[in-house]
$ cat entry15.txt   # compact mmCIF, C-alpha atoms
# COMPACT_ATOMS: atom_id res chain seq x y z
CA MET A 967 -10.75 15.14 -16.20
CA GLY A 968 -8.04 17.76 -16.84
CA LEU A 969 -4.86 18.49 -14.92
CA CYS A 970 -4.48 19.60 -11.30
CA LEU A 971 -1.68 20.92 -9.11
CA ASP A 972 -0.61 17.77 -7.25
CA ASP A 973 1.54 16.86 -4.23
CA TYR A 974 3.00 13.73 -5.80
CA ASN A 975 2.20 10.33 -4.26
CA LEU A 976 0.28 11.83 -1.31
CA LEU A 977 3.57 12.28 0.56
CA THR A 978 4.35 14.92 3.17
CA ASN A 979 8.11 14.54 3.25
CA GLU A 980 9.89 17.88 3.09
CA GLY A 981 11.16 18.35 -0.44
CA ASN A 982 8.50 16.11 -2.01
CA THR A 983 7.84 17.06 -5.63
CA ILE A 984 4.81 19.15 -6.59
CA GLY A 985 3.65 19.12 -10.17
CA LEU A 986 0.80 18.51 -12.57
CA TRP A 987 -1.28 15.31 -12.54
CA ASN A 988 -4.65 14.10 -13.76
CA CYS A 989 -7.37 15.42 -11.45
CA ASN A 990 -8.58 12.58 -9.21
CA GLY A 991 -10.23 14.26 -6.21
CA GLY A 992 -7.40 13.38 -3.82
CA TRP A 993 -6.60 15.60 -0.82
CA ASN A 994 -3.16 16.15 -2.30
CA GLN A 995 -4.80 18.20 -5.07
CA ILE A 996 -6.65 20.56 -2.73
CA TRP A 997 -4.84 23.84 -2.10
CA ALA A 998 -5.57 27.15 -0.40
CA HIS A 999 -3.63 30.41 -0.33
CA GLN A 1000 -3.94 30.54 3.46
CA LEU A 1001 -4.83 27.95 6.08
CA ALA A 1002 -5.56 30.26 9.04
CA THR A 1003 -9.10 31.02 10.20
CA THR A 1004 -10.28 34.31 8.61
CA THR A 1005 -13.36 36.49 9.08
CA THR A 1006 -14.45 38.93 6.39
CA THR A 1007 -17.18 41.58 6.81
CA SER A 1008 -18.58 43.50 3.84
CA THR A 1009 -21.04 46.45 3.81
CA THR A 1010 -23.28 47.32 0.87
CA THR A 1011 -25.12 50.65 0.52
CA SER A 1012 -27.94 51.14 -1.96
CA THR A 1013 -29.94 54.30 -2.88
CA SER A 1014 -33.39 54.42 -4.48
CA THR A 1015 -35.19 57.50 -5.86
CA THR A 1016 -38.92 57.97 -6.37
CA SER A 1017 -40.23 60.84 -8.57
CA SER A 1018 -43.86 62.11 -9.02
CA THR A 1019 -45.00 64.83 -11.46
CA THR A 1020 -48.31 66.78 -11.66
CA SER A 1021 -48.95 68.91 -14.78
CA THR A 1022 -51.71 71.49 -15.68
CA LEU A 1023 -52.13 74.02 -18.55
CA THR A 1024 -51.12 76.98 -16.39
CA SER A 1025 -48.48 75.60 -14.08
CA THR A 1026 -46.30 72.60 -13.60
CA THR A 1027 -45.34 71.22 -10.23
CA SER A 1028 -42.66 68.66 -9.97
CA THR A 1029 -42.01 66.81 -6.76
CA SER A 1030 -39.09 64.59 -6.30
CA THR A 1031 -38.63 62.42 -3.24
CA SER A 1032 -35.40 60.67 -2.49
CA SER A 1033 -34.86 57.99 0.04
CA THR A 1034 -31.67 56.28 0.91
CA SER A 1035 -31.46 52.88 2.54
CA THR A 1036 -28.35 51.27 3.84
CA SER A 1037 -27.97 47.55 4.41
CA SER A 1038 -25.02 45.82 6.03
CA THR A 1039 -24.16 42.15 5.54
CA SER A 1040 -21.45 40.15 7.27
CA SER A 1041 -19.96 36.89 5.99
CA THR A 1042 -17.50 34.64 7.77
CA THR A 1043 -15.27 32.06 6.04
CA THR A 1044 -13.50 29.45 8.18
CA THR A 1045 -10.84 27.00 7.05
CA ILE A 1046 -10.17 24.18 9.46
CA ASN A 1047 -6.49 23.33 9.73
CA ALA A 1048 -7.15 19.55 9.60
CA CYS A 1049 -4.74 16.69 8.79
CA PRO A 1050 -5.96 14.83 5.70
CA VAL A 1051 -5.38 11.10 5.23
CA GLY A 1052 -4.32 9.53 1.95
CA ALA A 1053 -5.57 6.41 0.21
CA PHE A 1054 -5.77 3.24 2.32
CA SER A 1055 -3.79 0.22 1.11
CA PRO A 1056 -2.27 -2.96 2.56
CA LEU A 1057 1.18 -2.54 4.15
CA GLN A 1058 2.77 -5.33 2.15
CA LEU A 1059 6.08 -7.10 2.82
CA TYR A 1060 8.53 -7.36 -0.10
CA GLY A 1061 5.83 -7.99 -2.72
CA LEU A 1062 4.95 -11.25 -0.96
CA PRO A 1063 1.47 -12.43 0.05
CA PHE A 1064 2.11 -11.13 3.58
CA GLY A 1065 1.52 -7.81 5.29
CA ALA A 1066 1.10 -6.00 8.57
CA SER A 1067 -2.22 -6.34 10.39
CA ALA A 1068 -3.81 -5.64 13.76
CA SER A 1069 -5.61 -8.58 15.31
CA GLY A 1070 -8.20 -8.88 18.01
CA THR A 1071 -9.95 -5.86 19.46
CA ILE A 1072 -8.93 -2.70 17.65
CA LYS A 1073 -7.83 -0.31 20.38
CA ALA A 1074 -4.75 1.49 21.63
CA GLY A 1075 -2.22 -1.16 22.62
CA THR A 1076 -3.27 -3.78 20.06
CA SER A 1077 -0.14 -5.23 18.45
CA VAL A 1078 0.51 -5.03 14.72
CA ALA A 1079 2.03 -8.26 13.43
CA LEU A 1080 2.54 -10.27 10.25
CA SER A 1081 -0.50 -11.79 8.57
CA PRO A 1082 -1.52 -13.15 5.17
CA TYR A 1083 -2.04 -10.41 2.61
CA SER A 1084 -5.49 -8.90 3.10
CA GLN A 1085 -7.55 -5.90 2.10
CA GLY A 1086 -9.59 -6.07 5.31
CA ALA A 1087 -9.94 -2.91 7.41
CA ASN A 1088 -7.46 -4.20 10.02
CA SER A 1089 -4.78 -4.57 7.32
CA MET A 1090 -5.29 -1.27 5.48
CA PHE A 1091 -3.17 1.76 6.33
CA ALA A 1092 -2.65 5.26 4.97
CA PHE A 1093 -0.32 8.18 5.60
CA ASP A 1094 -1.81 11.32 7.05
CA CYS A 1095 -0.38 14.83 6.59
CA GLN A 1096 2.21 14.18 9.31
CA ASN A 1097 3.30 10.86 7.78
CA ARG A 1098 1.71 8.81 10.56
CA LEU A 1099 0.28 5.46 9.46
CA VAL A 1100 -3.47 5.48 10.17
CA ILE A 1101 -5.43 2.20 10.30
CA LEU A 1102 -8.71 2.02 8.37
CA SER A 1103 -10.69 0.16 11.04
CA ASP A 1104 -10.29 3.11 13.45
CA THR A 1105 -8.87 6.28 11.94
CA SER A 1106 -8.12 7.72 15.38
CA LEU A 1107 -5.39 5.07 15.77
CA CYS A 1108 -1.92 5.00 14.19
CA ILE A 1109 1.10 2.70 14.22
CA GLY A 1110 3.42 3.54 17.10
CA ALA A 1111 5.97 2.10 19.51
CA LYS A 1112 6.88 2.54 23.18
CA SER A 1113 10.37 3.59 22.15
CA THR A 1114 12.28 4.21 18.94
CA THR A 1115 15.13 1.81 19.64
CA ALA A 1116 16.08 -1.40 17.88
CA GLY A 1117 13.95 -4.28 19.12
CA SER A 1118 10.83 -2.23 19.87
CA THR A 1119 7.66 -3.81 18.49
CA ILE A 1120 4.90 -1.78 16.87
CA ALA A 1121 1.33 -1.46 18.07
CA LEU A 1122 -1.70 0.78 17.67
CA VAL A 1123 -1.65 4.07 19.59
CA LYS A 1124 -3.78 7.19 19.54
CA CYS A 1125 -2.66 9.31 16.60
CA SER A 1126 -2.58 12.29 18.95
CA ASP A 1127 -0.17 10.56 21.35
CA ALA A 1128 3.57 11.10 21.34
CA GLY A 1129 4.10 7.40 20.57
CA ALA A 1130 2.51 7.70 17.10
CA ILE A 1131 5.46 7.42 14.73
CA SER A 1132 6.00 9.86 11.89
CA TRP A 1133 7.58 7.80 9.11
CA THR A 1134 9.81 8.65 6.20
CA HIS A 1135 10.29 6.12 3.44
CA ASP A 1136 12.65 5.94 0.52
CA ASP A 1137 12.44 4.61 -3.03
CA THR A 1138 13.84 1.23 -1.95
CA GLY A 1139 10.89 0.51 0.37
CA HIS A 1140 12.46 1.23 3.75
CA PHE A 1141 10.29 2.86 6.41
CA HIS A 1142 12.31 4.96 8.89
CA PRO A 1143 10.88 6.28 12.20
CA TYR A 1144 11.18 10.05 12.51
CA GLY A 1145 13.64 10.17 9.62
CA ASN A 1146 16.21 8.00 11.45
CA SER A 1147 17.91 6.31 8.49
CA GLN A 1148 19.66 3.88 10.86
CA LEU A 1149 16.38 2.24 11.93
CA CYS A 1150 13.91 0.39 9.69
CA LEU A 1151 10.51 -1.25 10.00
CA ASP A 1152 11.45 -4.92 10.26
CA ASP A 1153 9.77 -8.33 10.08
CA PHE A 1154 11.73 -9.80 12.96
CA GLY A 1155 13.90 -12.81 12.20
CA LYS A 1156 12.92 -12.91 8.50
CA LEU A 1157 10.08 -15.22 9.54
CA THR A 1158 6.69 -15.48 7.85
CA ASN A 1159 4.85 -17.20 10.67
CA ILE A 1160 1.40 -15.71 11.05
CA GLY A 1161 1.63 -13.39 14.03
CA ASN A 1162 5.40 -12.91 13.72
CA ARG A 1163 6.47 -9.69 15.44
CA ILE A 1164 7.09 -6.52 13.44
CA GLY A 1165 9.10 -3.67 14.90
CA LEU A 1166 12.16 -1.47 14.60
CA TRP A 1167 15.62 -2.78 13.81
CA GLY A 1168 18.90 -1.53 12.47
CA CYS A 1169 18.72 -1.15 8.69
CA ASN A 1170 20.65 -4.00 7.06
CA GLY A 1171 19.33 -4.25 3.50
CA GLY A 1172 17.35 -7.43 4.22
CA TRP A 1173 14.22 -8.26 2.25
CA ASN A 1174 12.32 -8.30 5.56
CA GLN A 1175 12.77 -4.51 5.77
CA ILE A 1176 11.21 -3.72 2.40
CA TRP A 1177 7.56 -2.63 2.54
CA SER A 1178 5.08 -1.03 0.20
CA LEU A 1179 1.86 0.83 0.82
CA SER A 1180 0.07 0.18 -2.44
CA PRO A 1181 -2.44 -2.19 -4.05
CA PRO A 1182 -1.03 -5.66 -4.81
CA ALA A 1183 1.17 -5.87 -7.86
CA TRP A 1184 -0.82 -8.83 -9.12
CA THR A 1185 -4.11 -6.91 -9.43
CA THR A 1186 -4.78 -5.30 -12.82
CA THR A 1187 -7.63 -3.13 -14.03
CA SER A 1188 -8.59 -2.61 -17.68
CA THR A 1189 -11.21 -0.32 -19.16
CA SER A 1190 -12.78 -0.64 -22.60
CA THR A 1191 -15.00 1.99 -24.20
CA THR A 1192 -17.42 1.47 -27.10
CA THR A 1193 -18.95 4.38 -29.02
CA THR A 1194 -21.92 3.96 -31.39
CA SER A 1195 -23.30 6.74 -33.61
CA THR A 1196 -26.76 6.71 -35.16
CA SER A 1197 -27.68 9.28 -37.82
CA THR A 1198 -31.27 10.09 -38.70
CA ARG A 1199 -31.74 13.32 -40.55
CA PRO A 1200 -31.89 15.97 -39.36
CA THR A 1201 -30.44 14.67 -35.98
CA THR A 1202 -27.53 12.47 -34.95
CA SER A 1203 -27.31 10.60 -31.64
CA THR A 1204 -24.20 9.08 -30.08
CA THR A 1205 -24.13 6.38 -27.39
CA THR A 1206 -20.98 5.58 -25.41
CA SER A 1207 -20.61 2.64 -23.04
CA SER A 1208 -17.67 1.86 -20.78
CA THR A 1209 -16.72 -1.42 -19.12
CA THR A 1210 -14.14 -1.79 -16.35
CA THR A 1211 -12.75 -5.20 -15.49
CA THR A 1212 -10.49 -6.03 -12.55
CA THR A 1213 -8.59 -9.29 -12.63
CA ALA A 1214 -6.28 -10.87 -10.09
CA SER A 1215 -3.49 -13.12 -11.26
CA SER A 1216 -1.56 -15.45 -9.00
CA ALA A 1217 0.54 -14.00 -6.20
CA PRO A 1218 4.28 -13.52 -6.75
CA THR A 1219 6.24 -16.75 -6.61
CA SER A 1220 9.48 -15.15 -5.42
CA CYS A 1221 10.36 -16.40 -1.94
CA PRO A 1222 13.68 -14.99 -0.68
CA ILE A 1223 16.07 -17.06 1.40
CA GLY A 1224 17.82 -15.70 4.50
CA ASP A 1225 21.43 -16.13 5.63
CA TYR A 1226 22.89 -19.63 5.75
CA LYS A 1227 24.09 -20.68 9.22
CA PRO A 1228 24.77 -23.88 11.20
CA LEU A 1229 21.68 -25.56 12.67
CA GLN A 1230 22.92 -25.90 16.22
CA VAL A 1231 21.45 -27.97 19.05
CA ASN A 1232 21.29 -26.64 22.63
CA ASN A 1233 24.20 -24.17 22.24
CA ARG A 1234 26.58 -27.11 21.87
CA THR A 1235 29.29 -27.69 19.26
CA LEU A 1236 26.88 -30.10 17.60
CA ILE A 1237 24.90 -29.33 14.49
CA ALA A 1238 22.66 -30.90 11.86
CA THR A 1239 24.17 -32.03 8.58
CA THR A 1240 23.50 -34.53 5.80
CA LYS A 1241 24.67 -38.10 6.10
CA LEU A 1242 27.97 -38.59 4.24
CA ASN A 1243 27.70 -34.94 3.07
CA SER A 1244 25.17 -36.00 0.47
CA THR A 1245 23.29 -33.22 -1.37
CA GLY A 1246 20.70 -35.33 -3.16
CA ILE A 1247 16.99 -35.65 -2.46
CA GLY A 1248 16.48 -38.30 0.22
CA ALA A 1249 19.75 -37.63 2.09
CA LYS A 1250 19.25 -38.20 5.82
CA ILE A 1251 19.71 -35.38 8.34
CA VAL A 1252 22.06 -36.42 11.14
CA LEU A 1253 24.04 -34.96 14.04
CA TRP A 1254 27.69 -33.95 13.57
CA GLU A 1255 30.46 -31.93 15.10
CA TYR A 1256 30.43 -28.23 14.31
CA ASN A 1257 31.66 -27.34 10.82
CA LEU A 1258 30.96 -24.80 8.09
CA ASN A 1259 30.59 -27.17 5.16
CA PRO A 1260 27.80 -26.23 2.71
CA THR A 1261 26.04 -29.47 3.71
CA SER A 1262 25.87 -28.16 7.30
CA LEU A 1263 24.50 -24.68 6.59
CA PHE A 1264 20.78 -23.96 6.44
CA ALA A 1265 18.56 -20.91 5.96
CA PHE A 1266 14.87 -20.10 6.26
CA ASP A 1267 12.95 -18.86 3.24
CA CYS A 1268 9.87 -16.65 3.32
CA LEU A 1269 7.65 -19.67 4.06
CA ASN A 1270 9.90 -20.89 6.88
CA ARG A 1271 11.26 -23.87 4.98
CA LEU A 1272 14.89 -24.74 5.77
CA HIS A 1273 17.08 -24.74 2.62
CA ILE A 1274 20.53 -26.35 2.53
CA GLN A 1275 23.33 -24.24 1.05
CA ALA A 1276 24.87 -27.15 -0.85
CA ASN A 1277 21.63 -27.56 -2.85
CA PRO A 1278 19.26 -24.61 -2.35
CA VAL A 1279 16.35 -26.29 -4.13
CA ALA A 1280 16.36 -28.95 -1.39
CA CYS A 1281 14.81 -28.38 2.04
CA ILE A 1282 14.50 -30.32 5.28
CA GLY A 1283 11.36 -32.43 5.20
CA ALA A 1284 9.83 -35.76 6.16
CA GLN A 1285 7.96 -38.46 4.29
CA GLN A 1286 5.29 -38.41 7.01
CA PHE A 1287 4.48 -35.74 9.53
CA LYS A 1288 4.31 -38.01 12.54
CA MET A 1289 6.40 -38.95 15.55
CA GLY A 1290 9.39 -41.19 14.77
CA THR A 1291 9.86 -40.05 11.14
CA PRO A 1292 13.52 -39.20 10.30
CA LEU A 1293 14.26 -35.89 8.62
CA SER A 1294 15.75 -35.84 5.12
CA LEU A 1295 16.27 -33.59 2.12
CA VAL A 1296 13.18 -33.16 -0.07
CA SER A 1297 12.26 -30.85 -2.91
CA CYS A 1298 11.35 -27.45 -1.47
CA ASN A 1299 8.29 -27.37 -3.73
CA SER A 1300 6.94 -30.70 -2.51
CA SER A 1301 4.29 -31.20 0.14
CA THR A 1302 6.86 -33.07 2.26
CA ALA A 1303 8.96 -29.91 2.79
CA ILE A 1304 8.29 -28.81 6.35
CA GLN A 1305 7.24 -25.26 7.16
CA TRP A 1306 8.60 -24.68 10.64
CA VAL A 1307 7.08 -22.55 13.37
CA VAL A 1308 9.88 -21.37 15.65
CA THR A 1309 8.85 -20.67 19.24
CA GLY A 1310 11.91 -19.74 21.26
CA ASP A 1311 14.39 -22.52 20.51
CA THR A 1312 11.81 -25.14 19.51
CA PHE A 1313 11.24 -25.95 15.83
CA ARG A 1314 7.63 -27.11 15.46
CA VAL A 1315 5.88 -28.51 12.38
CA SER A 1316 3.42 -25.92 11.10
CA GLY A 1317 -0.12 -26.98 12.00
CA ILE A 1318 1.13 -29.72 14.39
CA PRO A 1319 2.60 -27.73 17.30
CA MET A 1320 3.40 -30.76 19.47
CA LEU A 1321 5.53 -32.35 16.72
CA VAL A 1322 9.09 -30.97 16.85
CA MET A 1323 12.63 -31.42 15.54
CA ASP A 1324 14.45 -33.91 17.81
CA ASN A 1325 17.97 -35.30 18.14
CA TYR A 1326 16.93 -38.87 18.85
CA GLN A 1327 17.58 -40.50 22.23
CA LEU A 1328 19.67 -37.56 23.52
CA LYS A 1329 22.78 -39.03 21.86
CA THR A 1330 25.78 -36.91 20.87
CA ASP A 1331 27.45 -39.38 18.50
CA ASN A 1332 28.35 -38.24 14.99
CA GLY A 1333 25.72 -39.61 12.62
CA ASN A 1334 22.90 -39.80 15.18
CA THR A 1335 19.48 -39.55 13.54
CA ILE A 1336 17.50 -36.31 13.69
CA GLY A 1337 13.77 -36.57 13.17
CA LEU A 1338 10.29 -35.68 14.39
CA TRP A 1339 9.14 -36.40 17.95
CA GLY A 1340 6.56 -35.25 20.45
CA PHE A 1341 7.53 -32.15 22.37
CA ASN A 1342 9.00 -32.87 25.81
CA GLY A 1343 11.23 -29.87 26.54
CA GLY A 1344 14.49 -31.86 26.40
CA TRP A 1345 17.80 -30.22 25.43
CA ASN A 1346 17.80 -32.36 22.31
CA GLN A 1347 14.79 -30.41 21.04
CA ARG A 1348 16.39 -26.97 21.38
CA TRP A 1349 17.77 -25.56 18.13
CA ALA A 1350 19.04 -22.33 16.66
CA VAL A 1351 20.18 -21.33 13.17
CA SER A 1352 23.27 -19.60 14.53
CA PHE A 1353 26.58 -20.19 16.23
$ encode --input "entry15.txt" --output "structure tokens"
Amino acid sequence: MGLCLDDYNLLTNEGNTIGLWNCNGGWNQIWAHQLATTTTTSTTTSTSTTSSTTSTLTSTTSTSTSSTSTSSTSSTTTTINACPVGAFSPLQLYGLPFGASASGTIKAGTSVALSPYSQGANSMFAFDCQNRLVILSDTSLCIGAKSTTAGSTIALVKCSDAGAISWTHDDTGHFHPYGNSQLCLDDFGKLTNIGNRIGLWGCNGGWNQIWSLSPPAWTTTSTSTTTTSTSTRPTTSTTTSSTTTTTASSAPTSCPIGDYKPLQVNNRTLIATTKLNSTGIGAKIVLWEYNLNPTSLFAFDCLNRLHIQANPVACIGAQQFKMGTPLSLVSCNSSTAIQWVVTGDTFRVSGIPMLVMDNYQLKTDNGNTIGLWGFNGGWNQRWAVSF
């Protein structure tokens, strides 16, 4: 293949390294001495001579005729000052099986939110020459936002519009709008609910602000080549065959845990804790006065399971996902560990939206049971991992 002059990693950040790389046909290996439109005209003149001679014994006459013809040719070379787009890849969150994706009708205004990892056209993005993120399903659309302030969500916009964000990204995986190192692309709330909002937030070093635009780390490609030579005098023939195999191993098992905080009910000084401060599997979840004991602090992981700080391998779960079942500590890896879908201040069981976390019978006594119940909008079903 040989070596080519290469703009490394298809990036258009000022100061990006240029060097030598294996030729691969990418736009970042296509160069020109000038990009402006140029017109060149050339003129060619040619002369031809014809000679005739008549000869006798007494005299010789020589006649020479010359003719000159001139031809003029004009050639025009035009270079279009276009904006090439790099290789399309999933915009993946923290090496997890989640990424950014546009759902529904692909048009300007369609939101870009969290989805399971996919290589579908609605989940594939690429940088163009202005570091805008172009979506594969409609390359006239880019990721943008109505404003570049913390809390703004991202959506598809026309790449030609002012709202199309030009991104810079660093080696740690942070995507900054317009080079603003104080703002990062953020999976809001560190939640992995399908459809969770993605937008701009103050950079804080959280795992939910680390993104990659590359094929999945768990996909590997191997190539084997076999060469066979056959010799039959006086000729020799050689046959070479090549086989390429792509394999996909299991997705990464790492699932980061967020910040531990009290699990508070209805903005009151009442929180969830374990009965008798137990940390073992099977410990009941009950109501208690506000405190910061490790048995009263919980945090979501990347699958929206609630871990307890006193025993991080234990999560809030239930032996049955039905109304009237008390909550207790279970192994986070078991099928009884609940994945919660948080809508506002309601904690719903994933896949059963009408089944929610409930402080039973609206009581405020220390030790009151917390469990699953049908949604009714009561204050005893309003929770927040904060205080």
$ atom_distance --input "entry15.txt" --atom1 "CA of Gly1340 in chain A" --atom2 "CA of Gln1327 in chain A"
12.3 Å
$ atom_distance --input "entry15.txt" --atom1 "CA of Trp987 in chain A" --atom2 "CA of Arg1098 in chain A"
24.2 Å
$ atom_distance --input "entry15.txt" --atom1 "CA of Tyr1326 in chain A" --atom2 "CA of Lys1241 in chain A"
14.9 Å
$ residues_around --input "entry15.txt" --residues "Ala1280 in chain A" --least-positions-apart "5" --cutoff "10 Å" --atoms "all atoms listed in the file" --output "PyMOL selection string"
chain A and resi 1245-1249+1271-1275+1294-1300+1303
$ residues_around --input "entry15.txt" --residues "Gly1086 in chain A" --least-positions-apart "2" --cutoff "10 Å" --atoms "only C-alpha atoms" --output "ChimeraX atom specification"
/A:1055-1056,1067,1083-1084,1088-1090,1102-1103
$ closest_residue --input "entry15.txt" --among "A:Gly1139, A:Gly1337, A:Gly1145, A:Gly1065" --to "Val1078 in chain A" --atoms "all atoms listed in the file"
A:Gly1065
$ closest_residue --input "entry15.txt" --among "A:Pro1260, A:Ile1318, A:Arg1234, A:Thr1312" --to "Thr1330 in chain A" --atoms "only C-alpha atoms"
A:Arg1234
$ closest_residue --input "entry15.txt" --among "A:Lys1156, A:His1142, A:Lys1288, A:Lys1124" --to "Cys1169 in chain A" --atoms "only C-alpha atoms"
A:His1142
$ residues_around --input "entry15.txt" --residues "Cys1108 in chain A" --least-positions-apart "2" --cutoff "8 Å" --atoms "all atoms listed in the file" --output "ChimeraX atom specification"
/A:1098-1101,1105-1106,1110,1122-1125,1130-1131
$ closest_residue --input "entry15.txt" --among "A:Asp1136, A:Trp1167, A:Ile1237, A:Cys1095" --to "Ser1113 in chain A" --atoms "all atoms listed in the file"
A:Trp1167
$ closest_residue --input "entry15.txt" --among "A:Pro1292, A:Gly1333, A:Pro1222, A:Gly1168" --to "Thr1239 in chain A" --atoms "all atoms listed in the file"
A:Gly1333
